[in-house]
file data33.txt (compact mmCIF, C-alpha atoms)
# COMPACT_ATOMS: atom_id res chain seq x y z
CA MET A 97 19.75 -0.41 15.43
CA ARG A 98 17.88 -3.52 14.26
CA GLY A 99 16.38 -3.73 10.79
CA ILE A 100 15.85 -5.70 7.58
CA TYR A 101 18.41 -4.72 4.95
CA PHE A 102 18.24 -5.52 1.23
CA ASP A 103 21.62 -5.63 -0.53
CA GLY A 104 20.23 -5.72 -4.07
CA LYS A 105 19.92 -9.49 -4.13
CA GLU A 106 18.50 -10.67 -0.83
CA ALA A 107 17.17 -9.44 2.49
CA ALA A 108 18.84 -10.02 5.84
CA TYR A 109 18.09 -9.22 9.47
CA ARG A 110 20.81 -7.06 11.01
CA GLU A 111 21.48 -5.57 14.42
CA ASP A 112 24.35 -3.28 13.40
CA LEU A 113 22.54 -0.73 11.24
CA PRO A 114 23.41 2.92 11.97
CA MET A 115 20.82 5.20 13.53
CA PRO A 116 19.36 7.44 10.81
CA VAL A 117 20.12 11.15 11.00
CA PRO A 118 17.43 13.53 9.72
CA GLU A 119 18.31 15.77 6.81
CA SER A 120 16.95 19.29 6.47
CA GLY A 121 13.16 19.22 6.62
CA GLU A 122 13.02 15.63 7.88
CA SER A 123 11.60 14.12 11.06
CA LEU A 124 12.94 11.19 13.05
CA VAL A 125 10.26 8.54 13.63
CA ARG A 126 10.39 5.60 16.05
CA ILE A 127 8.60 2.74 14.31
CA LEU A 128 5.89 1.01 16.31
CA MET A 129 4.55 -1.32 13.64
CA ALA A 130 5.34 -1.97 9.98
CA ALA A 131 3.48 -4.06 7.42
CA VAL A 132 4.65 -6.28 4.58
CA CYS A 133 3.29 -5.23 1.18
CA ASN A 134 3.26 -7.46 -1.89
CA THR A 135 5.62 -4.91 -3.43
CA ASP A 136 8.18 -5.80 -0.75
CA LYS A 137 7.95 -9.42 -1.85
CA GLU A 138 8.36 -8.37 -5.49
CA ILE A 139 11.54 -6.47 -4.57
CA LEU A 140 12.99 -9.81 -3.49
CA LYS A 141 12.15 -11.08 -7.00
CA GLY A 142 13.91 -8.20 -8.76
CA TYR A 143 11.20 -5.52 -8.99
CA ARG A 144 13.65 -2.82 -7.80
CA PRO A 145 17.08 -4.13 -8.88
CA ASP A 146 18.89 -0.85 -8.11
CA PHE A 147 17.65 -0.53 -4.54
CA GLN A 148 19.87 -1.22 -1.55
CA GLY A 149 18.82 -0.31 1.96
CA ILE A 150 16.26 -0.89 4.69
CA MET A 151 13.03 -2.23 3.23
CA GLY A 152 9.41 -1.32 3.97
CA HIS A 153 6.99 1.56 3.40
CA GLU A 154 3.82 0.85 5.44
CA PHE A 155 4.22 1.97 9.05
CA VAL A 156 2.84 3.58 12.17
CA GLY A 157 5.36 5.37 14.33
CA VAL A 158 5.96 8.07 16.94
CA VAL A 159 7.75 11.30 16.07
CA GLU A 160 10.93 11.59 18.14
CA SER A 161 12.16 14.88 16.65
CA SER A 162 10.86 17.19 13.96
CA PRO A 163 11.20 20.70 12.53
CA ASP A 164 7.46 20.92 13.25
CA PRO A 165 7.19 21.03 17.06
CA LYS A 166 3.46 20.17 16.93
CA LEU A 167 4.37 16.67 15.70
CA ALA A 168 6.63 15.75 18.62
CA GLY A 169 5.33 12.64 20.36
CA LYS A 170 2.48 12.14 17.90
CA ARG A 171 1.58 8.82 16.32
CA VAL A 172 1.94 9.17 12.58
CA VAL A 173 1.70 7.39 9.26
CA GLY A 174 3.55 8.60 6.19
CA GLU A 175 3.52 8.82 2.42
CA LEU A 176 6.16 7.12 0.27
CA ASN A 177 7.41 9.70 -2.20
CA ALA A 178 9.74 12.53 -1.22
CA SER A 179 9.66 15.08 -4.05
CA CYS A 180 12.05 17.87 -5.00
CA GLY A 181 9.40 20.58 -5.43
CA HIS A 182 11.08 22.03 -8.51
CA CYS A 183 10.77 19.65 -11.49
CA ILE A 184 8.02 19.77 -14.11
CA TYR A 185 5.97 17.16 -12.23
CA CYS A 186 6.20 18.95 -8.89
CA ARG A 187 5.35 22.29 -10.51
CA THR A 188 2.28 20.82 -12.20
CA GLY A 189 0.73 19.08 -9.20
CA ARG A 190 2.22 15.61 -9.72
CA PRO A 191 4.75 15.29 -6.87
CA THR A 192 4.41 11.51 -6.62
CA HIS A 193 5.95 11.40 -10.11
CA CYS A 194 8.81 13.78 -9.26
CA SER A 195 11.77 13.25 -11.59
CA SER A 196 14.17 12.89 -8.66
CA ARG A 197 11.83 11.47 -6.02
CA ARG A 198 13.08 9.16 -3.31
CA VAL A 199 10.75 6.32 -2.31
CA LEU A 200 10.68 4.74 1.14
CA GLY A 201 12.16 1.28 1.11
CA MET A 202 12.35 1.21 -2.69
CA HIS A 203 14.50 3.95 -4.19
CA GLN A 204 17.33 5.96 -2.64
CA LYS A 205 15.64 6.10 0.77
CA ASP A 206 15.70 3.68 3.71
CA GLY A 207 12.29 2.39 4.71
CA CYS A 208 10.45 1.42 7.88
CA PHE A 209 11.62 -2.16 8.56
CA GLY A 210 13.89 -0.85 11.28
CA GLU A 211 13.59 0.66 14.74
CA TYR A 212 13.89 4.23 13.46
CA MET A 213 13.38 6.02 10.17
CA THR A 214 13.76 9.53 8.80
CA ILE A 215 11.12 10.97 6.52
CA ASP A 216 10.27 14.29 4.86
CA THR A 217 8.10 16.02 7.46
CA LYS A 218 5.48 17.12 4.95
CA LEU A 219 4.74 13.45 4.21
CA LEU A 220 3.57 12.73 7.76
CA HIS A 221 -0.07 12.47 8.86
CA VAL A 222 -1.18 12.34 12.49
CA VAL A 223 -3.17 9.25 13.47
CA PRO A 224 -6.47 10.15 15.21
CA ASP A 225 -6.46 9.33 18.93
CA GLY A 226 -9.29 6.84 18.65
CA LEU A 227 -7.73 4.82 15.84
CA ALA A 228 -5.79 1.74 16.95
CA THR A 229 -2.27 1.26 15.64
CA LYS A 230 -3.16 -2.16 14.21
CA ALA A 231 -5.91 -0.45 12.16
CA ALA A 232 -3.89 2.64 11.21
CA ILE A 233 -1.27 0.33 9.64
CA TYR A 234 -3.67 -0.02 6.69
CA THR A 235 -3.62 3.72 5.87
CA GLU A 236 -1.10 3.60 3.02
CA PRO A 237 -2.64 0.75 1.00
CA LEU A 238 -6.14 2.14 1.60
CA ALA A 239 -4.96 5.56 0.41
CA ALA A 240 -3.70 3.90 -2.79
CA ALA A 241 -7.20 2.51 -3.27
CA PHE A 242 -8.75 5.95 -2.82
CA GLU A 243 -6.54 7.18 -5.65
CA ILE A 244 -8.95 5.46 -8.06
CA MET A 245 -11.65 7.97 -7.15
CA THR A 246 -9.37 10.82 -8.25
CA GLN A 247 -8.80 9.16 -11.63
CA VAL A 248 -12.14 7.62 -12.63
CA THR A 249 -15.67 9.02 -12.34
CA LEU A 250 -17.89 6.51 -10.54
CA THR A 251 -21.31 7.41 -11.89
CA PRO A 252 -24.31 5.24 -10.88
CA GLU A 253 -24.72 3.75 -14.35
CA LYS A 254 -21.13 2.49 -14.50
CA ASN A 255 -20.84 -0.94 -12.89
CA VAL A 256 -17.49 -1.86 -11.36
CA ALA A 257 -15.72 -5.20 -11.05
CA ILE A 258 -12.63 -5.74 -8.93
CA LEU A 259 -10.50 -8.56 -10.30
CA GLY A 260 -8.65 -10.47 -7.56
CA ASP A 261 -9.52 -11.60 -4.05
CA GLY A 262 -6.38 -10.69 -2.14
CA ARG A 263 -5.34 -7.82 0.12
CA LEU A 264 -5.09 -5.28 -2.69
CA SER A 265 -8.63 -6.05 -3.85
CA TYR A 266 -9.84 -5.83 -0.26
CA CYS A 267 -8.45 -2.29 0.02
CA VAL A 268 -10.11 -1.24 -3.24
CA ALA A 269 -13.45 -2.75 -2.26
CA GLN A 270 -13.34 -1.05 1.15
CA ALA A 271 -12.55 2.32 -0.44
CA MET A 272 -15.39 1.91 -2.95
CA ASN A 273 -17.77 0.92 -0.18
CA ALA A 274 -16.72 3.96 1.89
CA VAL A 275 -17.87 6.29 -0.93
CA GLY A 276 -21.09 4.34 -1.45
CA LYS A 277 -20.20 2.52 -4.67
CA GLU A 278 -21.45 -1.04 -5.07
CA VAL A 279 -18.94 -3.42 -6.66
CA VAL A 280 -18.57 -7.08 -7.55
CA VAL A 281 -15.34 -8.84 -6.56
CA ILE A 282 -14.22 -11.58 -8.94
CA GLY A 283 -11.91 -14.19 -7.43
CA LYS A 284 -10.87 -17.83 -7.46
CA HIS A 285 -10.91 -18.63 -3.77
CA PRO A 286 -14.30 -18.95 -2.00
CA GLU A 287 -12.65 -18.80 1.42
CA LYS A 288 -11.09 -15.42 0.58
CA LEU A 289 -14.23 -14.08 -1.06
CA LYS A 290 -16.16 -14.62 2.17
CA LEU A 291 -14.21 -11.73 3.70
CA PHE A 292 -15.74 -9.40 1.10
CA GLU A 293 -19.37 -10.44 1.62
CA PRO A 294 -20.28 -7.81 4.26
CA PHE A 295 -19.59 -4.93 1.86
CA ALA A 296 -19.43 -6.24 -1.74
CA GLN A 297 -20.94 -8.75 -4.11
CA VAL A 298 -18.65 -11.71 -4.75
CA SER A 299 -18.36 -14.26 -7.52
CA THR A 300 -16.02 -16.86 -8.95
CA ASN A 301 -17.53 -16.27 -12.40
CA TRP A 302 -17.44 -13.22 -14.62
CA GLU A 303 -19.29 -11.90 -17.63
CA LYS A 304 -17.48 -11.26 -20.91
CA GLU A 305 -17.65 -7.53 -21.70
CA GLY A 306 -19.85 -7.17 -18.64
CA TYR A 307 -18.30 -4.21 -16.81
CA GLU A 308 -17.76 -0.53 -17.54
CA ILE A 309 -14.86 -0.33 -15.08
CA VAL A 310 -12.53 -3.21 -14.15
CA VAL A 311 -9.98 -2.72 -11.38
CA GLU A 312 -7.16 -5.19 -12.00
CA ALA A 313 -5.78 -6.09 -8.56
CA THR A 314 -4.60 -9.67 -8.98
CA GLY A 315 -0.91 -8.95 -8.51
CA SER A 316 -0.27 -11.23 -11.48
CA PRO A 317 0.86 -10.52 -15.07
CA SER A 318 -2.11 -12.55 -16.32
CA GLY A 319 -4.62 -10.21 -14.70
CA ILE A 320 -4.60 -7.58 -17.45
CA ARG A 321 -5.48 -10.14 -20.11
CA GLN A 322 -8.51 -11.25 -18.13
CA ALA A 323 -9.49 -7.64 -17.49
CA LEU A 324 -9.47 -7.01 -21.24
CA GLU A 325 -12.01 -9.78 -21.69
CA MET A 326 -14.21 -8.44 -18.90
CA VAL A 327 -14.32 -4.74 -19.77
CA ARG A 328 -16.87 -3.31 -22.17
CA LYS A 329 -15.98 -1.39 -25.33
CA LYS A 330 -15.08 2.18 -24.43
CA GLY A 331 -14.72 0.98 -20.85
CA THR A 332 -11.86 1.56 -18.40
CA ILE A 333 -9.31 -0.77 -16.82
CA VAL A 334 -7.59 0.52 -13.68
CA LEU A 335 -4.24 -1.20 -13.15
CA LYS A 336 -3.31 -1.65 -9.49
CA SER A 337 -0.93 -4.61 -9.73
CA THR A 338 2.82 -4.10 -9.56
CA TYR A 339 5.18 -7.02 -10.07
CA ALA A 340 8.56 -8.04 -11.36
CA GLY A 341 8.53 -9.09 -15.01
CA GLU A 342 6.64 -8.08 -18.14
CA THR A 343 3.54 -9.07 -20.07
CA THR A 344 2.26 -8.64 -23.64
CA LEU A 345 -1.03 -7.01 -24.66
CA PRO A 346 -3.18 -7.10 -27.82
CA MET A 347 -2.72 -3.42 -28.64
CA SER A 348 -4.95 -3.47 -31.74
CA LEU A 349 -7.84 -4.83 -29.66
CA ILE A 350 -7.35 -2.03 -27.12
CA ALA A 351 -7.34 0.59 -29.88
CA VAL A 352 -10.30 -0.82 -31.82
CA ASN A 353 -12.44 -1.22 -28.68
CA GLU A 354 -11.31 2.22 -27.43
CA ILE A 355 -10.45 0.86 -24.00
CA SER A 356 -8.86 3.24 -21.51
CA ILE A 357 -6.11 1.81 -19.31
CA VAL A 358 -5.29 3.84 -16.21
CA GLY A 359 -2.26 3.14 -14.06
CA SER A 360 -2.92 3.76 -10.37
CA ARG A 361 -0.70 3.63 -7.31
CA CYS A 362 -0.15 6.04 -4.36
CA GLY A 363 -3.13 8.04 -3.15
CA PRO A 364 -4.52 10.55 -0.62
CA PHE A 365 -4.09 9.77 3.08
CA ALA A 366 -6.83 12.05 4.45
CA PRO A 367 -9.84 10.03 3.19
CA ALA A 368 -8.13 6.78 4.15
CA LEU A 369 -7.59 7.92 7.74
CA GLU A 370 -11.15 9.25 7.90
CA ALA A 371 -12.59 5.96 6.63
CA LEU A 372 -10.57 3.95 9.16
CA ALA A 373 -11.34 6.27 12.07
CA SER A 374 -15.07 6.37 11.30
CA GLY A 375 -15.37 2.61 10.82
CA LYS A 376 -16.37 2.93 7.16
CA ALA A 377 -13.33 0.77 6.34
CA VAL A 378 -12.62 -2.24 8.55
CA PHE A 379 -9.72 -4.68 8.15
CA PRO A 380 -8.77 -8.01 9.77
CA ASP A 381 -6.10 -7.88 12.46
CA ILE A 382 -2.55 -7.88 11.17
CA THR A 383 -0.42 -10.94 12.06
CA LEU A 384 2.74 -9.71 13.75
CA PHE A 385 6.28 -11.11 13.73
CA GLU A 386 9.59 -10.08 15.24
CA LEU A 387 12.04 -8.42 12.85
CA ALA A 388 14.30 -11.46 13.08
CA GLN A 389 11.39 -13.56 11.77
CA TYR A 390 11.34 -11.67 8.47
CA LYS A 391 11.47 -14.86 6.39
CA GLU A 392 8.31 -16.14 8.04
CA ALA A 393 6.65 -12.75 7.59
CA PHE A 394 7.47 -12.61 3.87
CA ALA A 395 6.23 -16.17 3.41
CA TYR A 396 3.01 -15.63 5.37
CA GLU A 397 -0.08 -16.46 3.30
CA GLY A 398 -2.71 -15.00 5.61
CA PHE A 399 -4.39 -11.63 5.18
CA LYS A 400 -1.60 -9.30 6.31
CA ALA A 401 1.80 -9.80 7.94
CA GLY A 402 3.88 -7.21 9.69
CA PHE A 403 6.38 -6.46 12.41
CA LEU A 404 5.86 -5.27 15.95
CA ILE A 405 9.06 -3.27 16.18
CA THR A 406 8.78 -1.23 19.38
CA LYS A 407 7.18 -3.17 22.20
CA PRO A 408 5.32 -1.12 24.81
CA LEU A 409 7.12 -1.48 28.14
CA THR A 410 4.39 -0.24 30.47
CA ARG A 411 0.63 0.07 30.59
CA GLN A 412 1.02 3.84 30.15
CA ASN A 413 3.17 3.40 27.04
CA GLU A 414 0.68 0.88 25.66
CA ARG A 415 -2.12 3.42 25.89
CA LYS A 416 0.04 6.11 24.33
CA ASP A 417 1.59 4.13 21.48
CA ASP A 418 -0.81 1.32 20.61
CA LYS A 419 -4.30 2.58 21.31

call {"tool": "encode", "arguments": {"input": "data33.txt", "output": "structure tokens"}}
result
Amino acid sequence: MRGIYFDGKEAAYREDLPMPVPESGESLVRILMAAVCNTDKEILKGYRPDFQGIMGHEFVGVVESSPDPKLAGKRVVGELNASCGHCIYCRTGRPTHCSSRRVLGMHQKDGCFGEYMTIDTKLLHVVPDGLATKAAIYTEPLAAAFEIMTQVTLTPEKNVAILGDGRLSYCVAQAMNAVGKEVVVIGKHPEKLKLFEPFAQVSTNWEKEGYEIVVEATGSPSGIRQALEMVRKKGTIVLKSTYAGETTLPMSLIAVNEISIVGSRCGPFAPALEALASGKAVFPDITLFELAQYKEAFAYEGFKAGFLITKPLTRQNERKDDK
């Protein structure tokens, strides 16, 4: 089959990849559409130096075969982390931190930048009939934004700033808006900030120690330093950025000001799908490329790039797969 394969150093488009064979408990999914995440770009920079395989983890597909017969033929999205179910993290309700987890397109598991993919069946979620594929493609990053609400209490008196004006910030702002929380988005690019105006306050300026909660979503190592200047004493910084490389922090300042720093990544799919299906969360159309155009897709600077992997052949298929 066709796909984008990472050999540990660079990505390449290939047409000779073997068809995946489901293991016990897995489903075979035909990929309709897959999206490029900033994490995929960071993998090319060395973020996951031990990974080799098919890249990608944001997808919408159709179940071709499954141990769950109710899933056959359904459009689905899927979570990243396949857990063992037995380690201390799985036994204590933290399966996304499983000691031996496999992660789609990142760690010991081929991802979705190919025509077919296998995935642990319990990680699949059916896409509502009324939700378009090009909107459902945002489920995974929006779910990661909803994770914040499971980690931090958003009381009315706690004001929230989202640092960054890119795609990650957009997901966080949409999730906050869906639960009725007003936020201010701090960015550097007026043209990007305009996208946030229908559902958030926007600004290119920020107030020192002006915010109880700061969501750092810049995707840059410098973001945490700025967040430390913005957050109030005894406030909370939620870290959403992932990137290759390291940064240094003034640990004494964090301790003296009693600042909480919360790492945040994968999140719940159910509220993300509900927000997308109900129109509470709305995203710009994804810009689609062919798999062979992966270099252009990775270099794309617009809102969101992705791959149209399975083209509908008939009007009937179009209604079934891409509605």

call {"tool": "residues_around", "arguments": {"input": "data33.txt", "residues": "A:Ile405", "least_positions_apart": "3", "cutoff": "12 Å", "atoms": "all atoms listed in the file", "output": "ChimeraX atom specification"}}
result
/A:97-100,126-131,155-158,208-213,384-390,402,408,417-418

call {"tool": "atom_distance", "arguments": {"input": "data33.txt", "atom1": "atom CA of A:Phe147", "atom2": "atom CA of A:Asp103"}}
result
7.6 Å

call {"tool": "atom_distance", "arguments": {"input": "data33.txt", "atom1": "atom CA of A:Glu122", "atom2": "atom CA of A:Leu219"}}
result
9.3 Å

call {"tool": "closest_residue", "arguments": {"input": "data33.txt", "among": "A:Phe292, A:Ser360, A:Cys186, A:Pro346", "to": "A:Ala241", "atoms": "all atoms listed in the file"}}
result
A:Ser360

call {"tool": "atom_distance", "arguments": {"input": "data33.txt", "atom1": "atom CA of A:Pro191", "atom2": "atom CA of A:Thr214"}}
result
19.0 Å

call {"tool": "closest_residue", "arguments": {"input": "data33.txt", "among": "A:Ala178, A:Ala269, A:Ile184, A:Ile150", "to": "A:Lys218", "atoms": "only C-alpha atoms"}}
result
A:Ala178

call {"tool": "residues_around", "arguments": {"input": "data33.txt", "residues": "A:Val173", "least_positions_apart": "3", "cutoff": "10 Å", "atoms": "only C-alpha atoms", "output": "JSON, numbers by chain"}}
result
{"A": [125, 127, 153, 154, 155, 156, 157, 158, 159, 170, 219, 220, 221, 222, 223, 229, 232, 233, 234, 235, 236, 365, 369]}
